[in-house]
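Trainee: This is run_19.cif (mmCIF, C-alpha atoms (C1' of nucleotides)).
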data_run
#
loop_
_atom_site.label_atom_id
_atom_site.label_comp_id
_atom_site.auth_asym_id
_atom_site.auth_seq_id
_atom_site.Cartn_x
_atom_site.Cartn_y
_atom_site.Cartn_z
CA MET A 1 95.90 133.11 71.26
CA ALA A 2 96.17 136.66 72.52
CA VAL A 3 99.86 136.24 71.92
CA LYS A 4 99.34 137.03 68.28
CA TYR A 5 98.03 140.47 69.08
CA VAL A 6 100.79 141.85 71.24
CA LYS A 7 100.98 145.14 69.39
CA GLU A 8 97.30 145.87 69.60
CA MET A 9 97.24 144.85 73.22
CA GLU A 10 100.06 147.27 73.91
CA ALA A 11 98.15 150.05 72.19
CA LEU A 12 95.08 149.27 74.25
CA LYS A 13 97.08 149.20 77.47
CA GLU A 14 98.59 152.53 76.65
CA HIS A 15 95.16 154.05 76.14
CA LEU A 16 93.85 152.48 79.34
CA GLY A 17 96.82 153.80 81.28
CA LYS A 18 96.36 157.31 80.00
CA HIS A 19 92.71 157.40 80.98
CA GLN A 20 92.66 155.61 84.32
CA LEU A 21 90.87 152.66 82.84
CA LYS A 22 91.37 149.05 83.74
CA LEU A 23 92.29 145.98 81.80
CA THR A 24 89.61 143.37 82.33
CA ARG A 25 89.09 139.83 81.25
CA GLN A 26 86.22 141.01 79.04
CA ARG A 27 88.31 143.64 77.30
CA GLU A 28 90.99 141.10 76.50
CA LEU A 29 88.43 138.65 75.24
CA ILE A 30 86.69 141.21 73.06
CA LEU A 31 89.98 142.51 71.71
CA SER A 32 91.08 139.12 70.54
CA ALA A 33 87.69 138.42 68.97
CA PHE A 34 87.72 141.83 67.32
CA LEU A 35 91.16 141.38 65.82
CA ARG A 36 90.26 138.01 64.43
CA GLN A 37 87.90 139.55 61.88
CA GLU A 38 86.96 142.52 59.77
CA HIS A 39 83.77 144.56 59.85
CA ILE A 40 82.11 142.96 62.81
CA THR A 41 78.80 143.92 64.33
CA ALA A 42 78.33 144.19 68.09
CA GLU A 43 75.41 141.84 67.84
CA ALA A 44 77.42 139.32 65.82
CA MET A 45 80.22 139.41 68.32
CA TYR A 46 77.73 138.95 71.11
CA HIS A 47 76.47 135.72 69.63
CA GLN A 48 79.93 134.57 68.76
CA LEU A 49 81.28 135.10 72.25
CA ALA A 50 78.16 133.74 73.93
CA LYS A 51 79.39 130.25 73.11
CA SER A 52 82.47 130.57 75.26
CA ASP A 53 81.18 133.14 77.72
CA PRO A 54 77.39 133.09 78.02
CA HIS A 55 77.28 135.90 80.53
CA LEU A 56 79.15 138.49 78.55
CA GLY A 57 76.62 141.28 78.17
CA LEU A 58 75.77 143.05 74.95
CA ALA A 59 76.22 146.40 76.63
CA THR A 60 79.76 145.46 77.51
CA ILE A 61 80.50 144.69 73.90
CA TYR A 62 79.13 148.03 72.74
CA ARG A 63 81.06 149.80 75.47
CA THR A 64 84.24 147.98 74.65
CA LEU A 65 84.03 148.46 70.90
CA ASN A 66 83.48 152.15 71.48
CA LEU A 67 86.47 152.11 73.76
CA PHE A 68 88.51 150.60 70.93
CA CYS A 69 87.37 153.47 68.74
CA ASP A 70 88.58 155.96 71.32
CA ALA A 71 91.84 154.08 71.52
CA GLY A 72 92.30 154.29 67.77
CA LEU A 73 92.11 150.57 67.24
CA ALA A 74 88.67 150.53 65.69
CA GLN A 75 86.41 152.64 63.57
CA ALA A 76 82.63 152.46 63.51
CA ARG A 77 80.93 152.42 60.15
CA HIS A 78 77.23 152.66 59.55
CA PHE A 79 75.96 150.51 56.74
CA GLY A 80 72.25 151.17 56.52
CA SER A 81 70.93 150.32 59.95
CA GLN A 82 73.96 148.26 60.89
CA THR A 83 77.05 149.53 62.60
CA LYS A 84 80.16 147.59 61.84
CA TYR A 85 83.46 148.02 63.59
CA ASP A 86 86.56 147.92 61.46
CA ASN A 87 90.01 147.11 62.63
CA ILE A 88 92.18 150.09 61.74
CA SER A 89 95.12 149.29 63.97
CA HIS A 90 97.17 147.44 61.41
CA LYS A 91 96.46 149.65 58.45
CA GLY A 92 95.65 153.20 57.59
CA HIS A 93 92.38 154.70 56.56
CA HIS A 94 90.57 152.77 53.91
CA ASP A 95 87.37 152.91 51.93
CA HIS A 96 84.97 150.21 50.89
CA LEU A 97 83.61 148.50 47.85
CA ILE A 98 80.46 146.71 48.85
CA CYS A 99 78.70 144.04 46.83
CA THR A 100 74.95 144.42 47.11
CA GLY A 101 74.56 140.84 45.99
CA CYS A 102 76.64 138.86 48.46
CA GLU A 103 77.50 141.60 50.96
CA LYS A 104 81.17 141.08 50.31
CA ILE A 105 83.29 144.03 51.35
CA VAL A 106 86.55 144.91 49.64
CA GLU A 107 88.80 147.52 51.13
CA PHE A 108 90.78 149.93 49.07
CA GLU A 109 92.92 153.01 49.32
CA ASN A 110 93.38 155.61 46.65
CA GLU A 111 95.64 158.55 47.23
CA GLU A 112 94.44 160.40 44.19
CA ILE A 113 90.85 160.36 45.42
CA GLU A 114 91.99 161.54 48.84
CA ARG A 115 93.86 164.39 47.23
CA LEU A 116 90.84 165.46 45.22
CA GLN A 117 88.73 165.37 48.33
CA GLU A 118 91.09 167.80 49.99
CA GLU A 119 90.84 170.00 46.95
CA VAL A 120 87.06 170.07 47.07
CA ALA A 121 87.12 170.81 50.78
CA THR A 122 89.59 173.65 50.43
CA LYS A 123 87.57 175.15 47.62
CA ASN A 124 84.59 175.28 49.96
CA GLY A 125 86.48 176.58 52.96
CA PHE A 126 86.38 173.27 54.81
CA ILE A 127 89.09 171.41 56.64
CA ILE A 128 88.43 167.69 56.49
CA LYS A 129 88.68 165.64 59.62
CA THR A 130 87.34 162.35 58.37
CA HIS A 131 85.48 160.98 55.43
CA ARG A 132 83.62 157.96 54.23
CA LEU A 133 83.48 156.64 50.75
CA GLU A 134 81.46 153.59 49.91
CA LEU A 135 80.93 152.19 46.47
CA TYR A 136 77.95 149.88 46.08
CA GLY A 137 77.65 147.49 43.21
CA LEU A 138 77.97 143.92 42.09
CA CYS A 139 81.13 141.89 42.30
CA SER A 140 82.20 139.72 39.39
CA ARG A 141 80.66 136.61 40.88
CA CYS A 142 77.27 138.17 41.57
CA ARG A 143 77.00 139.51 38.06
CA HIS A 144 76.38 135.89 36.97
CA MET B 145 51.82 176.08 44.85
CA ALA B 146 52.03 172.56 43.53
CA VAL B 147 52.05 174.20 40.14
CA LYS B 148 55.75 174.81 40.48
CA TYR B 149 56.45 171.11 40.70
CA VAL B 150 54.71 169.81 37.62
CA LYS B 151 57.63 167.72 36.47
CA GLU B 152 58.11 165.97 39.78
CA MET B 153 54.39 165.42 40.08
CA GLU B 154 54.39 163.81 36.66
CA ALA B 155 57.23 161.53 37.66
CA LEU B 156 55.37 160.53 40.80
CA LYS B 157 52.18 159.87 38.87
CA GLU B 158 54.06 157.70 36.46
CA HIS B 159 55.47 155.63 39.27
CA LEU B 160 52.08 155.33 40.94
CA GLY B 161 50.49 154.24 37.69
CA LYS B 162 53.07 151.56 37.10
CA HIS B 163 52.58 150.06 40.53
CA GLN B 164 48.84 150.27 41.06
CA LEU B 165 49.26 152.92 43.67
CA LYS B 166 46.97 155.87 44.24
CA LEU B 167 47.46 159.58 44.33
CA THR B 168 46.27 160.90 47.63
CA ARG B 169 45.93 164.32 49.20
CA GLN B 170 48.72 163.37 51.62
CA ARG B 171 51.11 162.35 48.89
CA GLU B 172 50.59 165.62 47.09
CA LEU B 173 51.07 167.55 50.28
CA ILE B 174 54.24 165.70 51.21
CA LEU B 175 55.63 166.01 47.71
CA SER B 176 55.29 169.76 47.70
CA ALA B 177 56.81 170.05 51.17
CA PHE B 178 59.62 167.74 50.16
CA LEU B 179 60.49 169.66 47.03
CA ARG B 180 60.60 172.91 48.93
CA GLN B 181 63.78 171.92 50.77
CA GLU B 182 66.95 169.88 50.84
CA HIS B 183 67.98 167.19 53.29
CA ILE B 184 64.80 166.95 55.25
CA THR B 185 64.10 164.58 58.09
CA ALA B 186 60.80 162.73 58.40
CA GLU B 187 60.44 164.08 61.89
CA ALA B 188 61.11 167.65 60.76
CA MET B 189 58.57 167.38 58.01
CA TYR B 190 56.08 165.98 60.48
CA HIS B 191 56.34 169.04 62.68
CA GLN B 192 56.34 171.35 59.71
CA LEU B 193 53.19 169.90 58.22
CA ALA B 194 51.45 169.56 61.56
CA LYS B 195 50.75 173.28 61.43
CA SER B 196 48.58 173.02 58.36
CA ASP B 197 47.42 169.44 58.78
CA PRO B 198 47.52 168.30 62.40
CA HIS B 199 46.29 164.81 61.65
CA LEU B 200 48.89 163.84 59.13
CA GLY B 201 50.60 160.86 60.71
CA LEU B 202 54.32 160.35 61.07
CA ALA B 203 54.03 156.86 59.63
CA THR B 204 52.49 158.30 56.49
CA ILE B 205 55.44 160.62 56.09
CA TYR B 206 57.90 157.79 56.41
CA ARG B 207 55.88 155.69 54.01
CA THR B 208 55.63 158.47 51.51
CA LEU B 209 59.28 159.48 51.64
CA ASN B 210 60.22 155.86 51.07
CA LEU B 211 57.80 155.86 48.17
CA PHE B 212 59.61 158.86 46.73
CA CYS B 213 62.84 156.90 47.00
CA ASP B 214 61.31 154.05 45.07
CA ALA B 215 60.07 156.51 42.49
CA GLY B 216 63.55 157.95 42.05
CA LEU B 217 62.62 161.37 43.36
CA ALA B 218 64.38 161.03 46.69
CA GLN B 219 67.37 159.40 48.24
CA ALA B 220 67.74 158.50 51.89
CA ARG B 221 70.98 159.38 53.58
CA HIS B 222 72.02 158.34 57.04
CA PHE B 223 73.90 160.96 58.95
CA GLY B 224 74.74 159.40 62.29
CA SER B 225 71.40 158.47 63.77
CA GLN B 226 69.41 160.76 61.50
CA THR B 227 68.03 159.84 58.13
CA LYS B 228 67.66 162.72 55.74
CA TYR B 229 65.87 162.57 52.44
CA ASP B 230 67.47 164.38 49.55
CA ASN B 231 65.74 165.63 46.48
CA ILE B 232 67.48 164.03 43.53
CA SER B 233 64.83 164.74 40.93
CA HIS B 234 66.18 168.02 39.67
CA LYS B 235 69.85 167.24 39.72
CA GLY B 236 72.19 164.37 39.31
CA HIS B 237 74.06 162.48 41.93
CA HIS B 238 75.95 164.62 44.37
CA ASP B 239 78.16 164.18 47.39
CA HIS B 240 78.35 166.03 50.66
CA LEU B 241 80.66 168.17 52.69
CA ILE B 242 79.39 168.19 56.24
CA CYS B 243 80.44 170.61 58.94
CA THR B 244 80.67 168.82 62.26
CA GLY B 245 80.44 172.17 64.00
CA CYS B 246 77.22 173.69 62.67
CA GLU B 247 75.84 170.72 60.75
CA LYS B 248 75.88 172.72 57.54
CA ILE B 249 75.80 170.56 54.44
CA VAL B 250 77.40 171.60 51.18
CA GLU B 251 76.76 169.60 48.05
CA PHE B 252 79.36 169.04 45.43
CA GLU B 253 80.06 167.06 42.34
CA ASN B 254 83.45 166.04 41.08
CA GLU B 255 83.80 164.17 37.84
CA GLU B 256 87.40 163.30 38.45
CA ILE B 257 86.57 161.57 41.71
CA GLU B 258 83.75 159.68 40.06
CA ARG B 259 86.09 158.57 37.32
CA LEU B 260 88.64 157.29 39.82
CA GLN B 261 85.93 155.45 41.66
CA GLU B 262 85.03 153.63 38.48
CA GLU B 263 88.67 152.79 38.03
CA VAL B 264 88.94 151.29 41.50
CA ALA B 265 85.75 149.31 40.98
CA THR B 266 86.86 147.93 37.66
CA LYS B 267 90.21 146.94 39.09
CA ASN B 268 88.35 144.88 41.69
CA GLY B 269 85.87 143.35 39.30
CA PHE B 270 82.95 145.45 40.52
CA ILE B 271 80.33 147.37 38.62
CA ILE B 272 79.18 150.35 40.66
CA LYS B 273 75.51 151.01 41.03
CA THR B 274 75.62 153.80 43.58
CA HIS B 275 78.03 155.36 45.96
CA ARG B 276 78.21 157.71 48.86
CA LEU B 277 80.97 160.09 49.68
CA GLU B 278 80.82 162.27 52.72
CA LEU B 279 83.56 164.57 53.90
CA TYR B 280 83.36 165.60 57.52
CA GLY B 281 85.15 168.62 58.82
CA LEU B 282 84.84 172.20 59.93
CA CYS B 283 83.59 175.01 57.73
CA SER B 284 85.39 178.34 57.69
CA ARG B 285 83.01 179.88 60.19
CA CYS B 286 83.26 177.06 62.72
CA ARG B 287 87.02 177.16 62.66
CA HIS B 288 86.77 180.48 64.59
"C1'" DT C 289 99.48 140.13 100.30
"C1'" DA C 290 95.49 142.71 102.18
"C1'" DT C 291 92.98 146.88 101.73
"C1'" DC C 292 89.84 149.66 99.42
"C1'" DA C 293 88.72 153.56 96.28
"C1'" DT C 294 87.62 153.37 91.67
"C1'" DT C 295 86.24 151.25 87.56
"C1'" DT C 296 83.68 147.76 85.22
"C1'" DT C 297 80.25 144.50 84.53
"C1'" DG C 298 75.66 142.27 83.57
"C1'" DA C 299 70.93 142.55 83.29
"C1'" DG C 300 67.40 144.87 82.12
"C1'" DA C 301 65.12 149.31 81.60
"C1'" DC C 302 64.96 152.91 78.54
"C1'" DA C 303 65.37 155.99 74.41
"C1'" DG C 304 65.25 157.25 69.46
"C1'" DC C 305 64.07 156.07 65.05
"C1'" DT C 306 61.45 153.36 61.85
"C1'" DT C 307 58.12 149.84 60.47
"C1'" DA C 308 53.94 146.81 61.26
"C1'" DT C 309 49.11 146.35 62.43
"C1'" DC C 310 44.43 147.13 61.54
"C1'" DA C 311 39.95 149.28 61.44
"C1'" DA C 312 38.18 153.17 59.09
"C1'" DT C 313 38.55 156.02 55.11
"C1'" DT C 314 39.70 157.26 50.44
"C1'" DT C 315 40.69 156.41 45.69
"C1'" DC C 316 39.55 155.19 41.04
"C1'" DA C 317 38.24 151.87 37.42
"C1'" DA C 318 34.15 149.94 35.81
"C1'" DT D 319 27.50 155.25 41.79
"C1'" DT D 320 29.59 151.20 43.29
"C1'" DG D 321 32.96 148.35 45.36
"C1'" DA D 322 37.50 146.16 45.31
"C1'" DA D 323 41.86 147.67 46.44
"C1'" DA D 324 44.96 150.92 48.39
"C1'" DT D 325 45.85 154.30 52.00
"C1'" DT D 326 45.62 156.51 56.24
"C1'" DG D 327 46.11 157.59 61.29
"C1'" DA D 328 46.98 156.03 65.69
"C1'" DT D 329 49.55 153.32 68.15
"C1'" DA D 330 51.94 149.06 69.15
"C1'" DA D 331 55.97 146.81 68.21
"C1'" DG D 332 60.84 146.22 66.59
"C1'" DC D 333 65.60 147.37 66.43
"C1'" DT D 334 69.78 149.31 67.67
"C1'" DG D 335 72.27 151.39 71.00
"C1'" DT D 336 72.80 153.73 75.66
"C1'" DC D 337 71.76 154.35 80.65
"C1'" DT D 338 71.16 152.69 85.38
"C1'" DC D 339 72.75 150.62 89.37
"C1'" DA D 340 73.91 147.01 92.55
"C1'" DA D 341 77.45 143.59 92.61
"C1'" DA D 342 82.00 142.26 91.23
"C1'" DA D 343 86.68 143.02 89.61
"C1'" DT D 344 90.81 145.75 89.22
"C1'" DG D 345 95.06 147.69 90.68
"C1'" DA D 346 97.51 151.29 93.38
"C1'" DT D 347 98.99 151.54 97.90
"C1'" DA D 348 100.32 150.13 102.37
#
Mind turning the file's structure into C-alpha cells?
Mentor:
Amino acid sequence: MAVKYVKEMEALKEHLGKHQLKLTRQRELILSAFLRQEHITAEAMYHQLAKSDPHLGLATIYRTLNLFCDAGLAQARHFGSQTKYDNISHKGHHDHLICTGCEKIVEFENEEIERLQEEVATKNGFIIKTHRLELYGLCSRCRH
Amino acid sequence: MAVKYVKEMEALKEHLGKHQLKLTRQRELILSAFLRQEHITAEAMYHQLAKSDPHLGLATIYRTLNLFCDAGLAQARHFGSQTKYDNISHKGHHDHLICTGCEKIVEFENEEIERLQEEVATKNGFIIKTHRLELYGLCSRCRH
DNA sequence: TATCATTTTGAGACAGCTTATCAATTTCAA
DNA sequence: TTGAAATTGATAAGCTGTCTCAAAATGATA
C-alpha cells in the first residue's frame, strides 16, 4: 500500500532527517491516508483511521498534518470554520472552485491570474509569498 | 453622528422590515461603530464600545454583525483564526493584499482578474456567486 | 543487539472564538 | 396603553485546534 507513495515517503524522510525527527508507525499511516485523498479534514481522517487504529489520537493527526505542511507535502486551507489539508506534493500551487450546493471542489491553475496578482502586488509595494483564491458558486449539476 | 450614515441606516431598516426584526438602540450603536472603520473584529468592537456602553454584550455584537451580513452591509472574512467584518455597503466587491509582517491590509479591485475568474468558472461549468482572493506577503516597510 | 538520550504518542485538559440558552427587557403594531 | 414577539445580557456550551506530561517508541551509538 505504502509502496505507491515512495516519492512522498522519501520527501518526508528527508524532512525528518534534516530536523532530527523520527519516522513512526503513525506518521507512515497518516501519510498513506493523506495521499489517498484530496482536501481532508483532521477530524475526518481521525474517524477514518479509527477503524483500523482506534487508539490513534486526534492530536497526533493534527501534529502530523502540520508536519506535512512544514515538509512541503501539504497545505492547510481554511474553508469557513473547517481546515482542510491539501496534497501539494504531486502538483504545484492551485486554486479552488467550490460548489456551494454539493461542496464539490475543483482545482485549477491559471497563469494569467497569477501574473496579474503579481502586478497588483508590485503596484502596492508588496512582495507576495502566498495567496488564496477561492471561487464559490454552483456547479452544472447543482444548477438543476 | 448617525446622521452621516443615513443610507446604510435605510438599508438596515429595509432589511429589518422585511424580516420582522426590530430596530434597537444596540443595533444603531453597532451600525455606527461598524461604519466608522474597516475590517473590524467583534472582539475589538466589544472593547471599543465598552467605554461608552459597558453592558453591551459580546454576543449581541456577534449577532448584530451577522445580521449586517444578512442585510448585505457587511461581509465576514476569516484571516487565520480571526474573523473580520468588512463594510461592503459603500463599495463593491474588493480583494485584499495582506502584509504578514505588520498585518496591514490593502484593498484592491482588478477587473481583469475578475474576468479571468469568470472564464475559469465557465470552463468548469460553474456560475460564480462570490469569491475571495487574498495575497499574502510583505509590504515595502516590512521588507526592511 | 543492547543501551539510552531524544522524540513521539495518547488522553485529556485547556484555550480562543463563536453560538445557544433563557429570563428579563424592549420594541412596535394594534 | 397594551401585549405578543423580538432582543438583550450574562453565561454556559460547542467547536476546532493546541498544550501537557507520563509512558512508549525510535534510532544513533557502542
Trainee: Pair the Cα atoms of chain B and chain A in order, fit the first onto the second, and let me know the RMSD in Å.
Mentor: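 Once chain B is fitted onto chain A, the C-alpha RMSD works out to 0.5 Å.
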Trainee: Give me the chain C side of the contact with chain B, cut-off 10 Å, one line per residue showing its nearest atom pair and distance in Å at one decimal, counting only C-alpha atoms (C1' of nucleotides), sorted by chain and residue number, as a Markdown table.
Mentor:
| residue | atom | partner | partner_atom | distance |
| --- | --- | --- | --- | --- |
| C:DG304 | C1' | B:Ser225 | CA | 8.5 |
| C:DC305 | C1' | B:Ser225 | CA | 7.8 |
| C:DT306 | C1' | B:Tyr206 | CA | 7.9 |
| C:DT307 | C1' | B:Ala203 | CA | 8.2 |
| C:DT314 | C1' | B:Thr168 | CA | 8.0 |
| C:DT315 | C1' | B:Lys166 | CA | 6.5 |
| C:DC316 | C1' | B:Lys166 | CA | 8.1 |
Trainee: What do you get, as a ChimeraX atom specification, if you spell out every residue that the PyMOL selection byres ((chain C and resi 292) around 10) selects here?
Mentor: /C:290-291,293-294 /D:346-347
Trainee: Compare A:Val6, A:Leu58, A:Ile127, A:Ile98 by their minimum atom-to-atom distance to chain B, counting all atoms listed in the file, and give me the closest one.
Mentor: A:Ile127
Trainee: For this file, the PyMOL selection byres ((chain D) within 9 of (chain A)) selects which residues, as JSON, numbers by chain?
Mentor: {"D": [333, 334, 335, 336, 343, 344, 345]}
Trainee: When the PyMOL selection byres ((chain B) within 12 of (chain A)) is applied to the structure above, which residues does it catch, written out as an mmCIF file with C-alpha atoms, in the coordinates of the input?
Mentor:
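Okay, result.cif is ready:
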data_model
loop_
_atom_site.group_PDB
_atom_site.id
_atom_site.type_symbol
_atom_site.label_atom_id
_atom_site.label_comp_id
_atom_site.auth_asym_id
_atom_site.auth_seq_id
_atom_site.Cartn_x
_atom_site.Cartn_y
_atom_site.Cartn_z
ATOM 1 C CA ALA B 220 67.740 158.500 51.890
ATOM 2 C CA ARG B 221 70.980 159.380 53.580
ATOM 3 C CA HIS B 222 72.020 158.340 57.040
ATOM 4 C CA PHE B 223 73.900 160.960 58.950
ATOM 5 C CA GLY B 224 74.740 159.400 62.290
ATOM 6 C CA SER B 225 71.400 158.470 63.770
ATOM 7 C CA GLN B 226 69.410 160.760 61.500
ATOM 8 C CA THR B 227 68.030 159.840 58.130
ATOM 9 C CA ASP B 239 78.160 164.180 47.390
ATOM 10 C CA HIS B 240 78.350 166.030 50.660
ATOM 11 C CA LEU B 241 80.660 168.170 52.690
ATOM 12 C CA ILE B 242 79.390 168.190 56.240
ATOM 13 C CA CYS B 243 80.440 170.610 58.940
ATOM 14 C CA THR B 244 80.670 168.820 62.260
ATOM 15 C CA GLY B 245 80.440 172.170 64.000
ATOM 16 C CA LYS B 248 75.880 172.720 57.540
ATOM 17 C CA ILE B 249 75.800 170.560 54.440
ATOM 18 C CA VAL B 250 77.400 171.600 51.180
ATOM 19 C CA GLU B 251 76.760 169.600 48.050
ATOM 20 C CA PHE B 252 79.360 169.040 45.430
ATOM 21 C CA GLU B 253 80.060 167.060 42.340
ATOM 22 C CA ASN B 254 83.450 166.040 41.080
ATOM 23 C CA GLU B 255 83.800 164.170 37.840
ATOM 24 C CA GLU B 256 87.400 163.300 38.450
ATOM 25 C CA ILE B 257 86.570 161.570 41.710
ATOM 26 C CA GLU B 258 83.750 159.680 40.060
ATOM 27 C CA ARG B 259 86.090 158.570 37.320
ATOM 28 C CA LEU B 260 88.640 157.290 39.820
ATOM 29 C CA GLN B 261 85.930 155.450 41.660
ATOM 30 C CA GLU B 262 85.030 153.630 38.480
ATOM 31 C CA GLU B 263 88.670 152.790 38.030
ATOM 32 C CA VAL B 264 88.940 151.290 41.500
ATOM 33 C CA ALA B 265 85.750 149.310 40.980
ATOM 34 C CA THR B 266 86.860 147.930 37.660
ATOM 35 C CA LYS B 267 90.210 146.940 39.090
ATOM 36 C CA ASN B 268 88.350 144.880 41.690
ATOM 37 C CA GLY B 269 85.870 143.350 39.300
ATOM 38 C CA PHE B 270 82.950 145.450 40.520
ATOM 39 C CA ILE B 271 80.330 147.370 38.620
ATOM 40 C CA ILE B 272 79.180 150.350 40.660
ATOM 41 C CA LYS B 273 75.510 151.010 41.030
ATOM 42 C CA THR B 274 75.620 153.800 43.580
ATOM 43 C CA HIS B 275 78.030 155.360 45.960
ATOM 44 C CA ARG B 276 78.210 157.710 48.860
ATOM 45 C CA LEU B 277 80.970 160.090 49.680
ATOM 46 C CA GLU B 278 80.820 162.270 52.720
ATOM 47 C CA LEU B 279 83.560 164.570 53.900
ATOM 48 C CA TYR B 280 83.360 165.600 57.520
ATOM 49 C CA GLY B 281 85.150 168.620 58.820
ATOM 50 C CA LEU B 282 84.840 172.200 59.930
ATOM 51 C CA CYS B 283 83.590 175.010 57.730
ATOM 52 C CA SER B 284 85.390 178.340 57.690
ATOM 53 C CA ARG B 285 83.010 179.880 60.190
ATOM 54 C CA CYS B 286 83.260 177.060 62.720
ATOM 55 C CA ARG B 287 87.020 177.160 62.660
#
Trainee: Do you have the atom C1' of DA342 of chain D-atom CA of Lys7 of chain A distance handy?
Mentor: 29.1 Å
Trainee: How many Å separate atom CA of Cys213 of chain B from atom CA of Phe178 of chain B?
Mentor: 11.7 Å
Trainee: Compile the contact shell of segment 337-340 of chain D as an MDAnalysis selection string: residues with an atom at most 10 Å away, counting all atoms listed in the file, same-chain residues fewer than 4 positions apart removed.
Mentor: (chainID A and resid 59) or (chainID C and resid 300:303)
Trainee: Could you tell me how far atom CA of Tyr229 of chain B sits from atom CA of Glu182 of chain B, in Å to one decimal place?
Mentor: 7.6 Å
Trainee: Please write as number ranges by chain the list of polymer residues whose atoms come within 7 Å of (49.0, 155.6, 63.1), counting only C-alpha atoms (C1' of nucleotides) and keeping to the coordinates of the file.
Mentor: B: 201, 203; D: 327-329
